[in-house]
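Student: The file below is query-v7.tsv, TSV, C-alpha atoms:
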```tsv
chain	number	residue	atom	x	y	z
Z	23	ASP	CA	-12.21	17.55	-19.07
Z	24	ILE	CA	-9.02	15.68	-18.15
Z	25	ARG	CA	-9.85	12.75	-20.44
Z	26	VAL	CA	-10.14	14.90	-23.56
Z	27	ASN	CA	-7.72	17.77	-23.02
Z	28	SER	CA	-4.30	16.40	-23.92
Z	29	SER	CA	-2.39	19.43	-22.63
Z	30	LEU	CA	-3.99	19.67	-19.16
Z	31	ALA	CA	-1.24	18.50	-16.79
Z	32	ARG	CA	-1.77	20.48	-13.58
Z	33	VAL	CA	-5.05	20.88	-11.72
Z	34	ASN	CA	-5.68	22.06	-8.16
Z	35	LEU	CA	-8.85	20.57	-6.69
Z	36	LEU	CA	-7.88	20.67	-3.00
Z	37	GLY	CA	-10.58	22.13	-0.81
Z	38	CYS	CA	-13.19	22.09	-3.59
Z	39	GLY	CA	-15.53	19.94	-1.53
Z	40	LEU	CA	-15.33	16.80	-3.67
Z	41	ASP	CA	-16.55	13.72	-1.86
Z	42	ALA	CA	-14.71	10.39	-2.13
Z	43	GLU	CA	-16.76	9.18	-5.10
Z	44	GLN	CA	-16.27	12.39	-7.07
Z	45	ALA	CA	-12.52	12.49	-6.36
Z	46	THR	CA	-12.21	8.84	-7.40
Z	47	VAL	CA	-13.82	9.67	-10.75
Z	48	VAL	CA	-11.28	12.47	-11.29
Z	49	VAL	CA	-8.34	10.24	-10.29
Z	50	ARG	CA	-9.52	7.47	-12.64
Z	51	ALA	CA	-9.73	9.98	-15.49
Z	52	ALA	CA	-6.18	11.16	-14.72
Z	53	GLU	CA	-4.93	7.57	-14.51
Z	54	ALA	CA	-6.53	6.78	-17.87
Z	55	LYS	CA	-4.24	9.31	-19.54
Z	56	PRO	CA	-0.76	8.25	-20.68
Z	57	GLN	CA	1.57	7.83	-17.71
Z	58	GLY	CA	3.04	11.12	-16.56
Z	59	SER	CA	0.62	13.36	-18.47
Z	60	VAL	CA	-1.45	14.49	-15.44
Z	61	LEU	CA	1.19	15.57	-12.94
Z	62	THR	CA	-0.97	16.94	-10.14
Z	63	LEU	CA	-4.53	17.19	-8.92
Z	64	CYS	CA	-3.44	19.26	-5.90
Z	65	GLY	CA	-1.59	22.10	-7.63
Z	66	VAL	CA	1.93	20.79	-6.98
Z	67	ALA	CA	4.46	22.68	-9.10
Z	68	GLU	CA	7.02	20.83	-11.20
Z	69	GLY	CA	9.98	19.87	-9.00
Z	70	GLN	CA	8.19	20.94	-5.80
Z	71	THR	CA	9.50	18.94	-2.84
Z	72	GLU	CA	7.23	20.20	-0.06
Z	73	LEU	CA	3.47	20.65	0.31
Z	74	ASP	CA	1.92	22.18	3.41
Z	75	VAL	CA	-1.83	21.70	3.69
Z	76	SER	CA	-1.91	21.62	7.49
Z	77	ASN	CA	-4.95	23.12	9.17
Z	78	ARG	CA	-6.87	23.38	5.87
Z	79	GLY	CA	-10.06	21.50	6.76
Z	80	LEU	CA	-9.72	18.81	4.09
Z	81	GLY	CA	-12.04	15.85	3.59
Z	82	ALA	CA	-12.40	12.43	2.01
Z	83	GLY	CA	-12.07	13.63	-1.57
Z	84	ASP	CA	-8.97	15.61	-0.72
Z	85	ALA	CA	-7.33	12.51	0.77
Z	86	ILE	CA	-7.84	10.67	-2.52
Z	87	LEU	CA	-6.42	13.59	-4.52
Z	88	LEU	CA	-3.42	13.84	-2.18
Z	89	ALA	CA	-2.79	10.10	-2.46
Z	90	TYR	CA	-2.72	10.46	-6.25
Z	91	ASP	CA	-0.25	13.34	-6.08
Z	92	ILE	CA	2.02	11.47	-3.65
Z	93	ARG	CA	2.06	8.50	-6.04
Z	94	VAL	CA	2.80	10.45	-9.24
Z	95	ASN	CA	5.09	13.24	-7.99
Z	96	SER	CA	8.53	11.74	-7.53
Z	97	SER	CA	9.98	15.01	-6.16
Z	98	LEU	CA	7.35	15.44	-3.43
Z	99	ALA	CA	9.10	14.24	-0.27
Z	100	ARG	CA	7.69	16.39	2.52
Z	101	VAL	CA	3.98	16.82	3.06
Z	102	ASN	CA	2.41	18.43	6.12
Z	103	LEU	CA	-1.11	17.19	6.78
Z	104	LEU	CA	-1.25	17.74	10.55
Z	105	GLY	CA	-4.49	19.28	11.68
Z	106	CYS	CA	-5.99	19.28	8.19
Z	107	GLY	CA	-9.07	17.39	9.36
Z	108	LEU	CA	-8.54	13.95	7.83
Z	109	ASP	CA	-10.17	11.16	9.80
Z	110	ALA	CA	-8.49	7.78	10.37
Z	111	GLU	CA	-9.78	6.21	7.14
Z	112	GLN	CA	-8.78	9.23	5.04
Z	113	ALA	CA	-5.32	9.44	6.62
Z	114	THR	CA	-4.83	5.73	5.94
Z	115	VAL	CA	-5.47	6.34	2.22
Z	116	VAL	CA	-2.65	8.90	2.17
Z	117	VAL	CA	-0.29	6.72	4.23
Z	118	ARG	CA	-0.82	3.76	1.88
Z	119	ALA	CA	0.14	5.97	-1.09
Z	120	ALA	CA	3.31	7.08	0.72
Z	121	GLU	CA	4.16	3.49	1.67
Z	122	ALA	CA	3.78	2.37	-1.96
Z	123	LYS	CA	6.58	4.70	-3.09
Z	124	PRO	CA	10.20	3.55	-3.08
Z	125	GLN	CA	11.72	3.52	0.39
Z	126	GLY	CA	12.93	6.96	1.41
Z	127	SER	CA	10.89	8.89	-1.18
Z	128	VAL	CA	8.24	10.32	1.16
Z	129	LEU	CA	10.05	11.31	4.33
Z	130	THR	CA	7.20	12.95	6.19
Z	131	LEU	CA	3.44	13.45	6.18
Z	132	CYS	CA	3.68	15.76	9.20
Z	133	GLY	CA	6.10	18.37	7.88
Z	134	VAL	CA	9.14	17.10	9.76
Z	135	ALA	CA	12.29	18.78	8.45
Z	136	GLU	CA	15.32	16.73	7.48
Z	137	GLY	CA	17.48	16.16	10.55
Z	138	GLN	CA	14.73	17.32	12.93
Z	139	THR	CA	14.90	15.32	16.15
Z	140	GLU	CA	11.90	16.71	18.03
Z	141	LEU	CA	8.28	17.46	17.18
Z	142	ASP	CA	6.00	19.13	19.72
Z	143	VAL	CA	2.33	18.80	18.79
Z	144	SER	CA	1.00	19.21	22.30
Z	145	ASN	CA	-2.22	21.16	22.73
Z	146	ARG	CA	-2.95	21.15	18.99
Z	147	GLY	CA	-6.25	19.28	19.26
Z	148	LEU	CA	-5.17	16.59	16.82
Z	149	GLY	CA	-7.45	13.69	15.92
Z	150	ALA	CA	-7.28	10.03	14.94
Z	151	GLY	CA	-6.14	10.83	11.41
Z	152	ASP	CA	-3.25	12.87	12.76
Z	153	ALA	CA	-2.21	9.93	14.95
Z	154	ILE	CA	-1.99	7.72	11.85
Z	155	LEU	CA	0.11	10.34	10.05
Z	156	LEU	CA	2.39	10.70	13.07
Z	157	ALA	CA	2.77	6.91	13.31
Z	158	TYR	CA	3.92	6.85	9.67
Z	159	ASP	CA	6.45	9.61	10.33
Z	160	ILE	CA	7.81	7.84	13.41
Z	161	ARG	CA	8.24	4.62	11.38
Z	162	VAL	CA	10.02	6.18	8.41
Z	163	ASN	CA	12.09	8.73	10.35
Z	164	SER	CA	13.53	6.45	13.03
Z	165	SER	CA	17.27	6.07	12.86
```
Would you mind writing the structure in this file as structure tokens?

Tutor:
Amino acid sequence: DIRVNSSLARVNLLGCGLDAEQATVVVRAAEAKPQGSVLTLCGVAEGQTELDVSNRGLGAGDAILLAYDIRVNSSLARVNLLGCGLDAEQATVVVRAAEAKPQGSVLTLCGVAEGQTELDVSNRGLGAGDAILLAYDIRVNSS
């Protein structure tokens, strides 16, 4: 139990099938702990800068867990969520978390490498959630 165990700092719940309500309960429990004591709900290692969960078949609960990790992990700058199955509402939850961070902290939600000038996602069967993630990347990576 996150609320009781004072040493539990890293948990990986991605892909566990939590719905939005269940994931929200877990996030609230993590947020109730002293700031900085629960470092990840998605298994992000200390100092990790990249997270690739593309094509993983994630759902509503996963979006909430990812949003938490994006908010609390200052080193996490590159996340690849393309093709992971988030719908528009779920992708928006993640984008809002990225937008709430200081400018320049989350550079991509689509796995774009630093200095990359092209991204070909043709014929990948992407959905509405992917379009929202791509729109975020285009906004923050335009120079």

Student: Considering all atoms listed in the file, state which residue in the set Z:Ala99, Z:Gly151, Z:Asn163, Z:Ala122 is at the smallest distance from Thr139 in chain Z.

Tutor: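 Once distances to Thr139 in chain Z are computed over all atoms listed in the file, the minimum belongs to Z:Asn163.
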
Student: With all atoms listed in the file as the basis for distance, which of Z:Val162, Z:Ile86, Z:Val47, Z:Val94 is at the shortest distance from Thr130 in chain Z?

Tutor: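 Nearest to Thr130 in chain Z: Z:Val162.
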
Student: Find the residue from Z:Ser59, Z:Ser164, Z:Ser96, Z:Gln138 that sits nearest to Pro124 in chain Z; use all atoms listed in the file when measuring.

Tutor: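 Checking each candidate against Pro124 in chain Z, we get Z:Ser96 as the closest.
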
Student: I'd like to know which of Z:Asp152, Z:Glu121, Z:Asp74, Z:Asp159 is closest to Ile92 in chain Z, using all atoms listed in the file.

Tutor: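 Of Z:Asp152, Z:Glu121, Z:Asp74, Z:Asp159, the one nearest Ile92 in chain Z, counting all atoms listed in the file, is Z:Glu121.
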
Student: Leaving out Leu98 in chain Z and any residue of its chain fewer than 2 positions from it, which residues lie within 7 Å of it when counting all atoms listed in the file, given as a PyMOL selection string?

Tutor: chain Z and resi 70-72+92+95-96+100+128

Student: At most 6 Å from (-5.6, 14.8, -10.3), file frame, only C-alpha atoms: which residues, as a PyMOL selection string?

Tutor: chain Z and resi 49+52+62-63+87

Student: Identify which of the residues Z:Ala51, Z:Val66, Z:Ala89, Z:Cys106 lies closest to Ala120 in chain Z, counting only C-alpha atoms when measuring atom-to-atom distances.

Tutor: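 The shortest atom-to-atom distance to Ala120 in chain Z comes from Z:Ala89.
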
Student: Mind pulling up the distance from CA of Cys132 in chain Z to CA of Arg93 in chain Z?

Tutor: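 Interatomic distance here is 17.0 Å.
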
Student: One decimal, in Å: what's the spacing between CA of Gly69 in chain Z and CA of Ser97 in chain Z?

Tutor: 5.6 Å

Student: Give me, please, the distance in Å between CA of Gly65 in chain Z and CA of Asp142 in chain Z, quoted to one decimal.

Tutor: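 Pair CA of Gly65 in chain Z / CA of Asp142 in chain Z returns 28.5 Å.
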
Student: What's the 9 Å shell around Leu40 in chain Z, counting only C-alpha atoms, without same-chain residues fewer than 5 positions away, as a compact mmCIF listing (two decimals) with C-alpha atoms, in the frame of the given file?

Tutor:
```txt
# COMPACT_ATOMS: atom_id res chain seq x y z
CA LEU Z 35 -8.85 20.57 -6.69
CA ALA Z 45 -12.52 12.49 -6.36
CA GLY Z 81 -12.04 15.85 3.59
CA ALA Z 82 -12.40 12.43 2.01
CA GLY Z 83 -12.07 13.63 -1.57
CA ASP Z 84 -8.97 15.61 -0.72
```

Student: Using all atoms listed in the file, can you tell me which of Z:Arg161, Z:Glu43, Z:Glu53, Z:Glu68 comes closest to Gln125 in chain Z?

Tutor: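 Of all the options, Z:Arg161 lies closest to Gln125 in chain Z.
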